[in-house]
file coords.txt (compact mmCIF, all heavy atoms)
# COMPACT_ATOMS: atom_id res chain seq x y z
N MET A 1 -152.07 -177.49 -45.88
CA MET A 1 -151.27 -177.35 -47.09
C MET A 1 -150.00 -176.56 -46.75
O MET A 1 -149.95 -175.83 -45.79
CB MET A 1 -152.06 -176.59 -48.16
CG MET A 1 -153.31 -177.28 -48.64
SD MET A 1 -152.98 -178.76 -49.57
CE MET A 1 -152.42 -178.07 -51.09
N ALA A 2 -149.04 -176.74 -47.62
CA ALA A 2 -147.77 -176.04 -47.43
C ALA A 2 -147.35 -175.42 -48.76
O ALA A 2 -147.78 -175.85 -49.82
CB ALA A 2 -146.71 -177.00 -46.92
N LYS A 3 -146.52 -174.43 -48.67
CA LYS A 3 -145.99 -173.74 -49.85
C LYS A 3 -144.50 -174.02 -49.95
O LYS A 3 -143.77 -173.94 -48.96
CB LYS A 3 -146.19 -172.23 -49.75
CG LYS A 3 -147.63 -171.78 -49.71
CD LYS A 3 -148.24 -171.77 -51.07
CE LYS A 3 -149.61 -171.12 -51.02
NZ LYS A 3 -150.26 -171.15 -52.31
N GLU A 4 -144.03 -174.34 -51.15
CA GLU A 4 -142.60 -174.47 -51.41
C GLU A 4 -142.15 -173.16 -52.05
O GLU A 4 -142.68 -172.76 -53.09
CB GLU A 4 -142.34 -175.64 -52.35
CG GLU A 4 -140.87 -175.92 -52.55
CD GLU A 4 -140.64 -177.14 -53.41
OE1 GLU A 4 -140.64 -178.25 -52.85
OE2 GLU A 4 -140.49 -176.97 -54.64
N ILE A 5 -141.19 -172.50 -51.44
CA ILE A 5 -140.75 -171.18 -51.87
C ILE A 5 -139.30 -171.27 -52.32
O ILE A 5 -138.45 -171.79 -51.60
CB ILE A 5 -140.87 -170.16 -50.72
CG1 ILE A 5 -142.28 -170.20 -50.13
CG2 ILE A 5 -140.54 -168.76 -51.21
CD1 ILE A 5 -142.39 -169.54 -48.79
N LYS A 6 -139.02 -170.75 -53.53
CA LYS A 6 -137.67 -170.77 -54.08
C LYS A 6 -137.24 -169.35 -54.42
O LYS A 6 -137.98 -168.63 -55.10
CB LYS A 6 -137.63 -171.64 -55.34
CG LYS A 6 -136.26 -171.70 -55.99
CD LYS A 6 -136.27 -172.61 -57.20
CE LYS A 6 -134.89 -172.69 -57.82
NZ LYS A 6 -134.88 -173.56 -59.01
N LEU A 7 -136.07 -168.96 -53.95
CA LEU A 7 -135.52 -167.64 -54.27
C LEU A 7 -134.92 -167.68 -55.66
O LEU A 7 -134.01 -168.47 -55.92
CB LEU A 7 -134.46 -167.24 -53.24
CG LEU A 7 -133.92 -165.81 -53.32
CD1 LEU A 7 -135.04 -164.81 -53.07
CD2 LEU A 7 -132.80 -165.59 -52.34
N VAL A 8 -135.44 -166.86 -56.59
CA VAL A 8 -134.98 -166.89 -57.98
C VAL A 8 -134.25 -165.62 -58.40
O VAL A 8 -133.62 -165.60 -59.45
CB VAL A 8 -136.15 -167.16 -58.95
CG1 VAL A 8 -136.70 -168.56 -58.75
CG2 VAL A 8 -137.24 -166.14 -58.81
N LYS A 9 -134.32 -164.57 -57.59
CA LYS A 9 -133.59 -163.34 -57.89
C LYS A 9 -132.74 -162.95 -56.69
O LYS A 9 -133.07 -163.25 -55.55
CB LYS A 9 -134.56 -162.21 -58.24
CG LYS A 9 -135.27 -162.42 -59.56
CD LYS A 9 -135.91 -161.15 -60.04
CE LYS A 9 -136.55 -161.37 -61.38
NZ LYS A 9 -137.17 -160.14 -61.88
N SER A 10 -131.68 -162.24 -56.97
CA SER A 10 -130.71 -161.86 -55.95
C SER A 10 -131.28 -160.86 -54.94
O SER A 10 -132.15 -160.04 -55.28
CB SER A 10 -129.48 -161.25 -56.62
OG SER A 10 -128.56 -160.78 -55.66
N LEU A 11 -130.75 -160.91 -53.74
CA LEU A 11 -131.13 -159.95 -52.69
C LEU A 11 -130.23 -158.72 -52.71
O LEU A 11 -130.49 -157.76 -51.98
CB LEU A 11 -131.06 -160.63 -51.32
CG LEU A 11 -132.04 -161.79 -51.11
CD1 LEU A 11 -131.77 -162.45 -49.76
CD2 LEU A 11 -133.47 -161.32 -51.20
N ILE A 12 -129.20 -158.73 -53.53
CA ILE A 12 -128.27 -157.60 -53.59
C ILE A 12 -129.00 -156.36 -54.08
O ILE A 12 -129.71 -156.39 -55.09
CB ILE A 12 -127.08 -157.92 -54.52
CG1 ILE A 12 -126.26 -159.06 -53.93
CG2 ILE A 12 -126.20 -156.68 -54.73
CD1 ILE A 12 -125.17 -159.57 -54.84
N GLY A 13 -128.86 -155.26 -53.37
CA GLY A 13 -129.47 -154.00 -53.75
C GLY A 13 -130.93 -153.86 -53.38
O GLY A 13 -131.56 -152.87 -53.72
N ARG A 14 -131.48 -154.84 -52.68
CA ARG A 14 -132.88 -154.77 -52.26
C ARG A 14 -132.99 -153.99 -50.96
O ARG A 14 -132.02 -153.82 -50.22
CB ARG A 14 -133.47 -156.17 -52.07
CG ARG A 14 -133.35 -157.06 -53.27
CD ARG A 14 -134.17 -156.54 -54.43
NE ARG A 14 -133.94 -157.38 -55.60
CZ ARG A 14 -134.46 -157.15 -56.79
NH1 ARG A 14 -135.23 -156.10 -56.99
NH2 ARG A 14 -134.20 -157.95 -57.81
N LYS A 15 -134.21 -153.56 -50.65
CA LYS A 15 -134.44 -152.84 -49.40
C LYS A 15 -134.21 -153.77 -48.21
O LYS A 15 -134.40 -154.98 -48.31
CB LYS A 15 -135.87 -152.31 -49.36
CG LYS A 15 -136.15 -151.26 -50.41
CD LYS A 15 -137.59 -150.79 -50.32
CE LYS A 15 -137.89 -149.75 -51.38
NZ LYS A 15 -139.28 -149.32 -51.33
N LYS A 16 -133.82 -153.18 -47.10
CA LYS A 16 -133.51 -153.97 -45.91
C LYS A 16 -134.69 -154.82 -45.44
O LYS A 16 -134.50 -155.95 -44.99
CB LYS A 16 -133.04 -153.06 -44.76
CG LYS A 16 -131.67 -152.48 -44.99
CD LYS A 16 -131.23 -151.64 -43.81
CE LYS A 16 -129.86 -151.05 -44.07
NZ LYS A 16 -129.37 -150.27 -42.93
N ASP A 17 -135.90 -154.28 -45.55
CA ASP A 17 -137.06 -155.05 -45.10
C ASP A 17 -137.32 -156.25 -46.01
O ASP A 17 -137.76 -157.31 -45.55
CB ASP A 17 -138.30 -154.17 -44.97
CG ASP A 17 -138.73 -153.53 -46.28
OD1 ASP A 17 -137.86 -153.32 -47.14
OD2 ASP A 17 -139.92 -153.22 -46.42
N GLN A 18 -137.02 -156.14 -47.31
CA GLN A 18 -137.18 -157.27 -48.21
C GLN A 18 -136.14 -158.35 -47.92
O GLN A 18 -136.46 -159.54 -47.94
CB GLN A 18 -137.07 -156.82 -49.67
CG GLN A 18 -138.23 -155.95 -50.10
CD GLN A 18 -138.07 -155.40 -51.50
OE1 GLN A 18 -136.99 -155.42 -52.06
NE2 GLN A 18 -139.16 -154.91 -52.06
N ILE A 19 -134.91 -157.95 -47.64
CA ILE A 19 -133.86 -158.90 -47.28
C ILE A 19 -134.23 -159.61 -45.98
O ILE A 19 -134.09 -160.83 -45.86
CB ILE A 19 -132.50 -158.19 -47.15
CG1 ILE A 19 -132.07 -157.64 -48.52
CG2 ILE A 19 -131.44 -159.13 -46.59
CD1 ILE A 19 -130.87 -156.73 -48.47
N ALA A 20 -134.72 -158.86 -45.01
CA ALA A 20 -135.11 -159.45 -43.73
C ALA A 20 -136.27 -160.43 -43.91
O ALA A 20 -136.29 -161.48 -43.27
CB ALA A 20 -135.49 -158.35 -42.75
N THR A 21 -137.20 -160.12 -44.78
CA THR A 21 -138.33 -161.01 -45.04
C THR A 21 -137.84 -162.31 -45.66
O THR A 21 -138.26 -163.40 -45.25
CB THR A 21 -139.35 -160.33 -45.96
OG1 THR A 21 -139.81 -159.13 -45.35
CG2 THR A 21 -140.54 -161.23 -46.24
N ALA A 22 -136.95 -162.22 -46.64
CA ALA A 22 -136.40 -163.42 -47.28
C ALA A 22 -135.64 -164.26 -46.26
O ALA A 22 -135.79 -165.49 -46.21
CB ALA A 22 -135.48 -163.04 -48.44
N ASN A 23 -134.84 -163.61 -45.42
CA ASN A 23 -134.09 -164.34 -44.39
C ASN A 23 -135.01 -165.01 -43.39
O ASN A 23 -134.74 -166.12 -42.94
CB ASN A 23 -133.11 -163.41 -43.68
CG ASN A 23 -131.95 -163.00 -44.56
OD1 ASN A 23 -131.62 -163.67 -45.53
ND2 ASN A 23 -131.32 -161.89 -44.23
N SER A 24 -136.13 -164.38 -43.06
CA SER A 24 -137.06 -164.97 -42.10
C SER A 24 -137.74 -166.21 -42.68
O SER A 24 -138.19 -167.08 -41.94
CB SER A 24 -138.11 -163.95 -41.66
OG SER A 24 -139.03 -163.70 -42.70
N LEU A 25 -137.80 -166.29 -44.01
CA LEU A 25 -138.35 -167.48 -44.66
C LEU A 25 -137.27 -168.55 -44.86
O LEU A 25 -137.57 -169.64 -45.34
CB LEU A 25 -138.95 -167.11 -46.02
CG LEU A 25 -140.26 -166.32 -45.99
CD1 LEU A 25 -140.62 -165.81 -47.37
CD2 LEU A 25 -141.38 -167.19 -45.43
N GLY A 26 -136.03 -168.23 -44.53
CA GLY A 26 -134.94 -169.19 -44.68
C GLY A 26 -134.27 -169.13 -46.03
O GLY A 26 -133.58 -170.07 -46.43
N LEU A 27 -134.43 -168.02 -46.75
CA LEU A 27 -133.86 -167.85 -48.08
C LEU A 27 -132.69 -166.88 -48.01
O LEU A 27 -132.86 -165.72 -47.67
CB LEU A 27 -134.91 -167.32 -49.05
CG LEU A 27 -136.20 -168.14 -49.14
CD1 LEU A 27 -137.24 -167.39 -49.94
CD2 LEU A 27 -135.92 -169.50 -49.75
N LYS A 28 -131.49 -167.36 -48.31
CA LYS A 28 -130.30 -166.52 -48.20
C LYS A 28 -129.61 -166.28 -49.54
O LYS A 28 -129.05 -165.23 -49.77
CB LYS A 28 -129.32 -167.14 -47.23
CG LYS A 28 -129.89 -167.31 -45.85
CD LYS A 28 -128.88 -167.01 -44.79
CE LYS A 28 -129.45 -167.21 -43.41
NZ LYS A 28 -130.03 -166.02 -42.87
N LYS A 29 -129.65 -167.27 -50.44
CA LYS A 29 -129.02 -167.10 -51.75
C LYS A 29 -129.88 -167.71 -52.84
O LYS A 29 -130.78 -168.51 -52.56
CB LYS A 29 -127.61 -167.70 -51.76
CG LYS A 29 -127.54 -169.16 -51.40
CD LYS A 29 -126.10 -169.61 -51.33
CE LYS A 29 -126.03 -171.08 -50.94
NZ LYS A 29 -124.68 -171.56 -50.85
N ILE A 30 -129.61 -167.32 -54.08
CA ILE A 30 -130.39 -167.79 -55.21
C ILE A 30 -130.39 -169.31 -55.25
O ILE A 30 -129.36 -169.94 -55.10
CB ILE A 30 -129.84 -167.21 -56.53
CG1 ILE A 30 -129.99 -165.69 -56.54
CG2 ILE A 30 -130.58 -167.81 -57.72
CD1 ILE A 30 -129.36 -165.02 -57.75
N GLY A 31 -131.56 -169.89 -55.46
CA GLY A 31 -131.70 -171.33 -55.53
C GLY A 31 -132.12 -171.97 -54.23
O GLY A 31 -132.48 -173.14 -54.22
N ASP A 32 -132.08 -171.23 -53.13
CA ASP A 32 -132.52 -171.78 -51.85
C ASP A 32 -134.02 -172.08 -51.91
O ASP A 32 -134.80 -171.29 -52.44
CB ASP A 32 -132.27 -170.79 -50.70
CG ASP A 32 -130.83 -170.78 -50.23
OD1 ASP A 32 -130.05 -171.61 -50.72
OD2 ASP A 32 -130.50 -169.95 -49.38
N ILE A 33 -134.39 -173.23 -51.36
CA ILE A 33 -135.80 -173.65 -51.33
C ILE A 33 -136.19 -173.96 -49.89
O ILE A 33 -135.42 -174.55 -49.14
CB ILE A 33 -136.01 -174.91 -52.19
CG1 ILE A 33 -135.67 -174.62 -53.65
CG2 ILE A 33 -137.45 -175.41 -52.08
CD1 ILE A 33 -135.72 -175.83 -54.54
N THR A 34 -137.37 -173.53 -49.51
CA THR A 34 -137.89 -173.81 -48.18
C THR A 34 -139.37 -174.16 -48.29
O THR A 34 -140.05 -173.72 -49.21
CB THR A 34 -137.68 -172.61 -47.23
OG1 THR A 34 -138.12 -172.97 -45.93
CG2 THR A 34 -138.43 -171.39 -47.69
N VAL A 35 -139.84 -174.95 -47.36
CA VAL A 35 -141.26 -175.30 -47.30
C VAL A 35 -141.84 -174.66 -46.05
O VAL A 35 -141.33 -174.84 -44.95
CB VAL A 35 -141.46 -176.83 -47.26
CG1 VAL A 35 -142.94 -177.17 -47.12
CG2 VAL A 35 -140.87 -177.48 -48.51
N GLN A 36 -142.89 -173.87 -46.25
CA GLN A 36 -143.51 -173.12 -45.15
C GLN A 36 -145.00 -173.46 -45.09
O GLN A 36 -145.61 -173.74 -46.12
CB GLN A 36 -143.35 -171.61 -45.38
CG GLN A 36 -141.91 -171.12 -45.43
CD GLN A 36 -141.25 -171.15 -44.08
OE1 GLN A 36 -141.89 -170.99 -43.06
NE2 GLN A 36 -139.94 -171.35 -44.09
N PRO A 37 -145.58 -173.39 -43.89
CA PRO A 37 -147.03 -173.63 -43.78
C PRO A 37 -147.81 -172.49 -44.45
O PRO A 37 -147.33 -171.37 -44.53
CB PRO A 37 -147.27 -173.64 -42.27
CG PRO A 37 -146.15 -172.83 -41.71
CD PRO A 37 -144.97 -173.08 -42.61
N GLU A 38 -148.98 -172.83 -44.93
CA GLU A 38 -149.81 -171.82 -45.60
C GLU A 38 -150.69 -171.15 -44.55
O GLU A 38 -151.77 -171.62 -44.21
CB GLU A 38 -150.67 -172.49 -46.67
CG GLU A 38 -151.44 -171.51 -47.51
CD GLU A 38 -152.14 -172.18 -48.68
OE1 GLU A 38 -151.88 -173.36 -48.94
OE2 GLU A 38 -152.96 -171.50 -49.30
N ASN A 39 -150.20 -170.05 -43.99
CA ASN A 39 -150.98 -169.27 -43.02
C ASN A 39 -150.86 -167.79 -43.37
O ASN A 39 -150.16 -167.41 -44.32
CB ASN A 39 -150.52 -169.55 -41.58
CG ASN A 39 -149.04 -169.29 -41.38
OD1 ASN A 39 -148.47 -168.40 -41.99
ND2 ASN A 39 -148.41 -170.06 -40.50
N ALA A 40 -151.53 -166.95 -42.64
CA ALA A 40 -151.57 -165.52 -42.96
C ALA A 40 -150.19 -164.88 -42.93
O ALA A 40 -149.85 -164.07 -43.80
CB ALA A 40 -152.51 -164.80 -42.00
N ALA A 41 -149.37 -165.26 -41.96
CA ALA A 41 -148.04 -164.66 -41.84
C ALA A 41 -147.17 -165.02 -43.04
O ALA A 41 -146.50 -164.16 -43.63
CB ALA A 41 -147.37 -165.12 -40.56
N THR A 42 -147.18 -166.29 -43.42
CA THR A 42 -146.37 -166.73 -44.55
C THR A 42 -146.85 -166.10 -45.85
O THR A 42 -146.04 -165.65 -46.67
CB THR A 42 -146.41 -168.27 -44.68
OG1 THR A 42 -145.94 -168.83 -43.46
CG2 THR A 42 -145.54 -168.75 -45.81
N LEU A 43 -148.16 -166.05 -46.05
CA LEU A 43 -148.69 -165.45 -47.28
C LEU A 43 -148.36 -163.96 -47.37
O LEU A 43 -148.09 -163.45 -48.46
CB LEU A 43 -150.20 -165.68 -47.36
CG LEU A 43 -150.63 -167.15 -47.50
CD1 LEU A 43 -152.15 -167.26 -47.50
CD2 LEU A 43 -150.04 -167.79 -48.73
N GLY A 44 -148.34 -163.28 -46.25
CA GLY A 44 -147.95 -161.87 -46.24
C GLY A 44 -146.49 -161.68 -46.61
O GLY A 44 -146.14 -160.76 -47.37
N LYS A 45 -145.63 -162.56 -46.11
CA LYS A 45 -144.21 -162.50 -46.45
C LYS A 45 -143.99 -162.78 -47.93
O LYS A 45 -143.19 -162.11 -48.59
CB LYS A 45 -143.42 -163.50 -45.61
CG LYS A 45 -143.34 -163.14 -44.15
CD LYS A 45 -142.63 -164.21 -43.36
CE LYS A 45 -142.65 -163.91 -41.87
NZ LYS A 45 -141.98 -164.98 -41.09
N ILE A 46 -144.71 -163.77 -48.45
CA ILE A 46 -144.59 -164.10 -49.88
C ILE A 46 -145.04 -162.91 -50.73
O ILE A 46 -144.39 -162.58 -51.73
CB ILE A 46 -145.43 -165.35 -50.21
CG1 ILE A 46 -144.79 -166.59 -49.57
CG2 ILE A 46 -145.55 -165.53 -51.72
CD1 ILE A 46 -145.66 -167.84 -49.64
N GLN A 47 -146.11 -162.27 -50.33
CA GLN A 47 -146.61 -161.12 -51.09
C GLN A 47 -145.59 -159.98 -51.10
O GLN A 47 -145.42 -159.30 -52.11
CB GLN A 47 -147.93 -160.65 -50.50
CG GLN A 47 -148.59 -159.54 -51.30
CD GLN A 47 -149.95 -159.16 -50.75
OE1 GLN A 47 -150.34 -159.59 -49.68
NE2 GLN A 47 -150.66 -158.34 -51.49
N LYS A 48 -144.89 -159.79 -50.00
CA LYS A 48 -143.92 -158.71 -49.88
C LYS A 48 -142.73 -158.90 -50.82
O LYS A 48 -142.19 -157.92 -51.35
CB LYS A 48 -143.43 -158.59 -48.44
CG LYS A 48 -142.56 -157.39 -48.18
CD LYS A 48 -142.35 -157.22 -46.70
CE LYS A 48 -141.63 -155.94 -46.38
NZ LYS A 48 -142.47 -154.76 -46.53
N ILE A 49 -142.32 -160.15 -51.05
CA ILE A 49 -141.17 -160.40 -51.92
C ILE A 49 -141.56 -161.26 -53.12
O ILE A 49 -140.75 -162.04 -53.63
CB ILE A 49 -140.00 -161.04 -51.13
CG1 ILE A 49 -140.40 -162.37 -50.51
CG2 ILE A 49 -139.45 -160.09 -50.10
CD1 ILE A 49 -139.22 -163.15 -49.95
N SER A 50 -142.79 -161.10 -53.59
CA SER A 50 -143.30 -161.94 -54.68
C SER A 50 -142.48 -161.80 -55.96
O SER A 50 -142.40 -162.74 -56.75
CB SER A 50 -144.76 -161.60 -54.97
OG SER A 50 -144.88 -160.26 -55.37
N HIS A 51 -141.84 -160.64 -56.17
CA HIS A 51 -141.04 -160.42 -57.37
C HIS A 51 -139.68 -161.12 -57.31
O HIS A 51 -138.96 -161.15 -58.29
CB HIS A 51 -140.86 -158.91 -57.59
CG HIS A 51 -140.22 -158.21 -56.46
ND1 HIS A 51 -140.87 -158.01 -55.25
CD2 HIS A 51 -138.99 -157.66 -56.33
CE1 HIS A 51 -140.04 -157.35 -54.44
NE2 HIS A 51 -138.91 -157.15 -55.07
N LEU A 52 -139.34 -161.70 -56.15
CA LEU A 52 -138.04 -162.36 -55.96
C LEU A 52 -138.15 -163.87 -55.88
O LEU A 52 -137.12 -164.55 -55.92
CB LEU A 52 -137.37 -161.85 -54.68
CG LEU A 52 -137.14 -160.35 -54.55
CD1 LEU A 52 -136.60 -160.02 -53.17
CD2 LEU A 52 -136.22 -159.85 -55.62
N VAL A 53 -139.36 -164.41 -55.71
CA VAL A 53 -139.52 -165.83 -55.43
C VAL A 53 -140.49 -166.52 -56.39
O VAL A 53 -141.29 -165.85 -57.05
CB VAL A 53 -140.02 -166.06 -53.97
CG1 VAL A 53 -139.02 -165.56 -52.97
CG2 VAL A 53 -141.37 -165.40 -53.75
N GLU A 54 -140.37 -167.85 -56.45
CA GLU A 54 -141.35 -168.70 -57.12
C GLU A 54 -142.02 -169.53 -56.04
O GLU A 54 -141.35 -170.07 -55.18
CB GLU A 54 -140.66 -169.66 -58.09
CG GLU A 54 -140.41 -169.14 -59.46
CD GLU A 54 -139.78 -170.19 -60.36
OE1 GLU A 54 -139.59 -171.35 -59.94
OE2 GLU A 54 -139.45 -169.82 -61.49
N VAL A 55 -143.34 -169.64 -56.11
CA VAL A 55 -144.09 -170.37 -55.10
C VAL A 55 -144.87 -171.49 -55.76
O VAL A 55 -145.54 -171.28 -56.77
CB VAL A 55 -145.06 -169.43 -54.35
CG1 VAL A 55 -145.83 -170.18 -53.28
CG2 VAL A 55 -144.31 -168.25 -53.76
N THR A 56 -144.75 -172.70 -55.17
CA THR A 56 -145.52 -173.85 -55.64
C THR A 56 -146.13 -174.55 -54.43
O THR A 56 -145.70 -174.34 -53.30
CB THR A 56 -144.65 -174.84 -56.42
OG1 THR A 56 -143.57 -175.26 -55.58
CG2 THR A 56 -144.09 -174.23 -57.68
N GLU A 57 -147.12 -175.40 -54.69
CA GLU A 57 -147.71 -176.19 -53.63
C GLU A 57 -146.77 -177.34 -53.29
O GLU A 57 -146.23 -177.98 -54.19
CB GLU A 57 -149.07 -176.76 -54.06
CG GLU A 57 -150.15 -175.72 -54.23
CD GLU A 57 -150.56 -175.03 -52.94
OE1 GLU A 57 -150.57 -175.70 -51.89
OE2 GLU A 57 -150.89 -173.84 -52.99
N ALA A 58 -146.56 -177.57 -52.01
CA ALA A 58 -145.65 -178.66 -51.60
C ALA A 58 -146.44 -179.92 -51.32
O ALA A 58 -147.61 -179.91 -51.07
CB ALA A 58 -144.87 -178.25 -50.38
call {"tool": "encode", "arguments": {"input": "coords.txt", "output": "structure tokens"}}
result
Amino acid sequence: MAKEIKLVKSLIGRKKDQIATANSLGLKKIGDITVQPENAATLGKIQKISHLVEVTEA
């Protein structure tokens, strides 16, 4: 399975580690969408920035 991740809130003013996490998922600006595999690393990243993203099944 895969997860479709969409950035819905701005990264401006966020902590550096949250910005780095979003960038590692391929999310740079509001509205960016990426599809990532459902594994432990990806789920951990999603949990870290869950307040900034929307996640759906791809």
call {"tool": "select_by_dssp", "arguments": {"input": "coords.txt", "residues": "chain A", "states": "helix (DSSP H, G or I)", "output": "ChimeraX atom specification"}}
result
/A:16-24,40-48
call {"tool": "residues_around", "arguments": {"input": "coords.txt", "residues": "segment 1-3 of chain A", "least_positions_apart": "5", "cutoff": "4.5 Å", "atoms": "all atoms listed in the file", "output": "list in words"}}
result
Thr34, Val35, Gln36, Pro37, Glu38, Leu43, Ile46, Val55, Thr56, Glu57 and Ala58 of chain A
call {"tool": "write_last_selection", "arguments": {"input": "coords.txt", "atoms": "all heavy atoms", "output": "PDB file, in the frame of the given file"}}
result
ATOM      1  N   THR A  34    -137.370-173.530 -49.510  1.00  0.00           N
ATOM      2  CA  THR A  34    -137.890-173.810 -48.180  1.00  0.00           C
ATOM      3  C   THR A  34    -139.370-174.160 -48.290  1.00  0.00           C
ATOM      4  O   THR A  34    -140.050-173.720 -49.210  1.00  0.00           O
ATOM      5  CB  THR A  34    -137.680-172.610 -47.230  1.00  0.00           C
ATOM      6  OG1 THR A  34    -138.120-172.970 -45.930  1.00  0.00           O
ATOM      7  CG2 THR A  34    -138.430-171.390 -47.690  1.00  0.00           C
ATOM      8  N   VAL A  35    -139.840-174.950 -47.360  1.00  0.00           N
ATOM      9  CA  VAL A  35    -141.260-175.300 -47.300  1.00  0.00           C
ATOM     10  C   VAL A  35    -141.840-174.660 -46.050  1.00  0.00           C
ATOM     11  O   VAL A  35    -141.330-174.840 -44.950  1.00  0.00           O
ATOM     12  CB  VAL A  35    -141.460-176.830 -47.260  1.00  0.00           C
ATOM     13  CG1 VAL A  35    -142.940-177.170 -47.120  1.00  0.00           C
ATOM     14  CG2 VAL A  35    -140.870-177.480 -48.510  1.00  0.00           C
ATOM     15  N   GLN A  36    -142.890-173.870 -46.250  1.00  0.00           N
ATOM     16  CA  GLN A  36    -143.510-173.120 -45.150  1.00  0.00           C
ATOM     17  C   GLN A  36    -145.000-173.460 -45.090  1.00  0.00           C
ATOM     18  O   GLN A  36    -145.610-173.740 -46.120  1.00  0.00           O
ATOM     19  CB  GLN A  36    -143.350-171.610 -45.380  1.00  0.00           C
ATOM     20  CG  GLN A  36    -141.910-171.120 -45.430  1.00  0.00           C
ATOM     21  CD  GLN A  36    -141.250-171.150 -44.080  1.00  0.00           C
ATOM     22  OE1 GLN A  36    -141.890-170.990 -43.060  1.00  0.00           O
ATOM     23  NE2 GLN A  36    -139.940-171.350 -44.090  1.00  0.00           N
ATOM     24  N   PRO A  37    -145.580-173.390 -43.890  1.00  0.00           N
ATOM     25  CA  PRO A  37    -147.030-173.630 -43.780  1.00  0.00           C
ATOM     26  C   PRO A  37    -147.810-172.490 -44.450  1.00  0.00           C
ATOM     27  O   PRO A  37    -147.330-171.370 -44.530  1.00  0.00           O
ATOM     28  CB  PRO A  37    -147.270-173.640 -42.270  1.00  0.00           C
ATOM     29  CG  PRO A  37    -146.150-172.830 -41.710  1.00  0.00           C
ATOM     30  CD  PRO A  37    -144.970-173.080 -42.610  1.00  0.00           C
ATOM     31  N   GLU A  38    -148.980-172.830 -44.930  1.00  0.00           N
ATOM     32  CA  GLU A  38    -149.810-171.820 -45.600  1.00  0.00           C
ATOM     33  C   GLU A  38    -150.690-171.150 -44.550  1.00  0.00           C
ATOM     34  O   GLU A  38    -151.770-171.620 -44.210  1.00  0.00           O
ATOM     35  CB  GLU A  38    -150.670-172.490 -46.670  1.00  0.00           C
ATOM     36  CG  GLU A  38    -151.440-171.510 -47.510  1.00  0.00           C
ATOM     37  CD  GLU A  38    -152.140-172.180 -48.680  1.00  0.00           C
ATOM     38  OE1 GLU A  38    -151.880-173.360 -48.940  1.00  0.00           O
ATOM     39  OE2 GLU A  38    -152.960-171.500 -49.300  1.00  0.00           O
ATOM     40  N   LEU A  43    -148.160-166.050 -46.050  1.00  0.00           N
ATOM     41  CA  LEU A  43    -148.690-165.450 -47.280  1.00  0.00           C
ATOM     42  C   LEU A  43    -148.360-163.960 -47.370  1.00  0.00           C
ATOM     43  O   LEU A  43    -148.090-163.450 -48.460  1.00  0.00           O
ATOM     44  CB  LEU A  43    -150.200-165.680 -47.360  1.00  0.00           C
ATOM     45  CG  LEU A  43    -150.630-167.150 -47.500  1.00  0.00           C
ATOM     46  CD1 LEU A  43    -152.150-167.260 -47.500  1.00  0.00           C
ATOM     47  CD2 LEU A  43    -150.040-167.790 -48.730  1.00  0.00           C
ATOM     48  N   ILE A  46    -144.710-163.770 -48.450  1.00  0.00           N
ATOM     49  CA  ILE A  46    -144.590-164.100 -49.880  1.00  0.00           C
ATOM     50  C   ILE A  46    -145.040-162.910 -50.730  1.00  0.00           C
ATOM     51  O   ILE A  46    -144.390-162.580 -51.730  1.00  0.00           O
ATOM     52  CB  ILE A  46    -145.430-165.350 -50.210  1.00  0.00           C
ATOM     53  CG1 ILE A  46    -144.790-166.590 -49.570  1.00  0.00           C
ATOM     54  CG2 ILE A  46    -145.550-165.530 -51.720  1.00  0.00           C
ATOM     55  CD1 ILE A  46    -145.660-167.840 -49.640  1.00  0.00           C
ATOM     56  N   VAL A  55    -143.340-169.640 -56.110  1.00  0.00           N
ATOM     57  CA  VAL A  55    -144.090-170.370 -55.100  1.00  0.00           C
ATOM     58  C   VAL A  55    -144.870-171.490 -55.760  1.00  0.00           C
ATOM     59  O   VAL A  55    -145.540-171.280 -56.770  1.00  0.00           O
ATOM     60  CB  VAL A  55    -145.060-169.430 -54.350  1.00  0.00           C
ATOM     61  CG1 VAL A  55    -145.830-170.180 -53.280  1.00  0.00           C
ATOM     62  CG2 VAL A  55    -144.310-168.250 -53.760  1.00  0.00           C
ATOM     63  N   THR A  56    -144.750-172.700 -55.170  1.00  0.00           N
ATOM     64  CA  THR A  56    -145.520-173.850 -55.640  1.00  0.00           C
ATOM     65  C   THR A  56    -146.130-174.550 -54.430  1.00  0.00           C
ATOM     66  O   THR A  56    -145.700-174.340 -53.300  1.00  0.00           O
ATOM     67  CB  THR A  56    -144.650-174.840 -56.420  1.00  0.00           C
ATOM     68  OG1 THR A  56    -143.570-175.260 -55.580  1.00  0.00           O
ATOM     69  CG2 THR A  56    -144.090-174.230 -57.680  1.00  0.00           C
ATOM     70  N   GLU A  57    -147.120-175.400 -54.690  1.00  0.00           N
ATOM     71  CA  GLU A  57    -147.710-176.190 -53.630  1.00  0.00           C
ATOM     72  C   GLU A  57    -146.770-177.340 -53.290  1.00  0.00           C
ATOM     73  O   GLU A  57    -146.230-177.980 -54.190  1.00  0.00           O
ATOM     74  CB  GLU A  57    -149.070-176.760 -54.060  1.00  0.00           C
ATOM     75  CG  GLU A  57    -150.150-175.720 -54.230  1.00  0.00           C
ATOM     76  CD  GLU A  57    -150.560-175.030 -52.940  1.00  0.00           C
ATOM     77  OE1 GLU A  57    -150.570-175.700 -51.890  1.00  0.00           O
ATOM     78  OE2 GLU A  57    -150.890-173.840 -52.990  1.00  0.00           O
ATOM     79  N   ALA A  58    -146.560-177.570 -52.010  1.00  0.00           N
ATOM     80  CA  ALA A  58    -145.650-178.660 -51.600  1.00  0.00           C
ATOM     81  C   ALA A  58    -146.440-179.920 -51.320  1.00  0.00           C
ATOM     82  O   ALA A  58    -147.610-179.910 -51.070  1.00  0.00           O
ATOM     83  CB  ALA A  58    -144.870-178.250 -50.380  1.00  0.00           C
TER      84      ALA A  58
END
call {"tool": "atom_distance", "arguments": {"input": "coords.txt", "atom1": "atom CA of Ile49 of chain A", "atom2": "atom CA of Thr21 of chain A"}}
result
7.5 Å
call {"tool": "atom_distance", "arguments": {"input": "coords.txt", "atom1": "atom CA of Ala40 of chain A", "atom2": "atom CA of Ser10 of chain A"}}
result
24.8 Å
call {"tool": "atom_distance", "arguments": {"input": "coords.txt", "atom1": "atom CD1 of Ile33 of chain A", "atom2": "atom CE of Lys48 of chain A"}}
result
22.3 Å
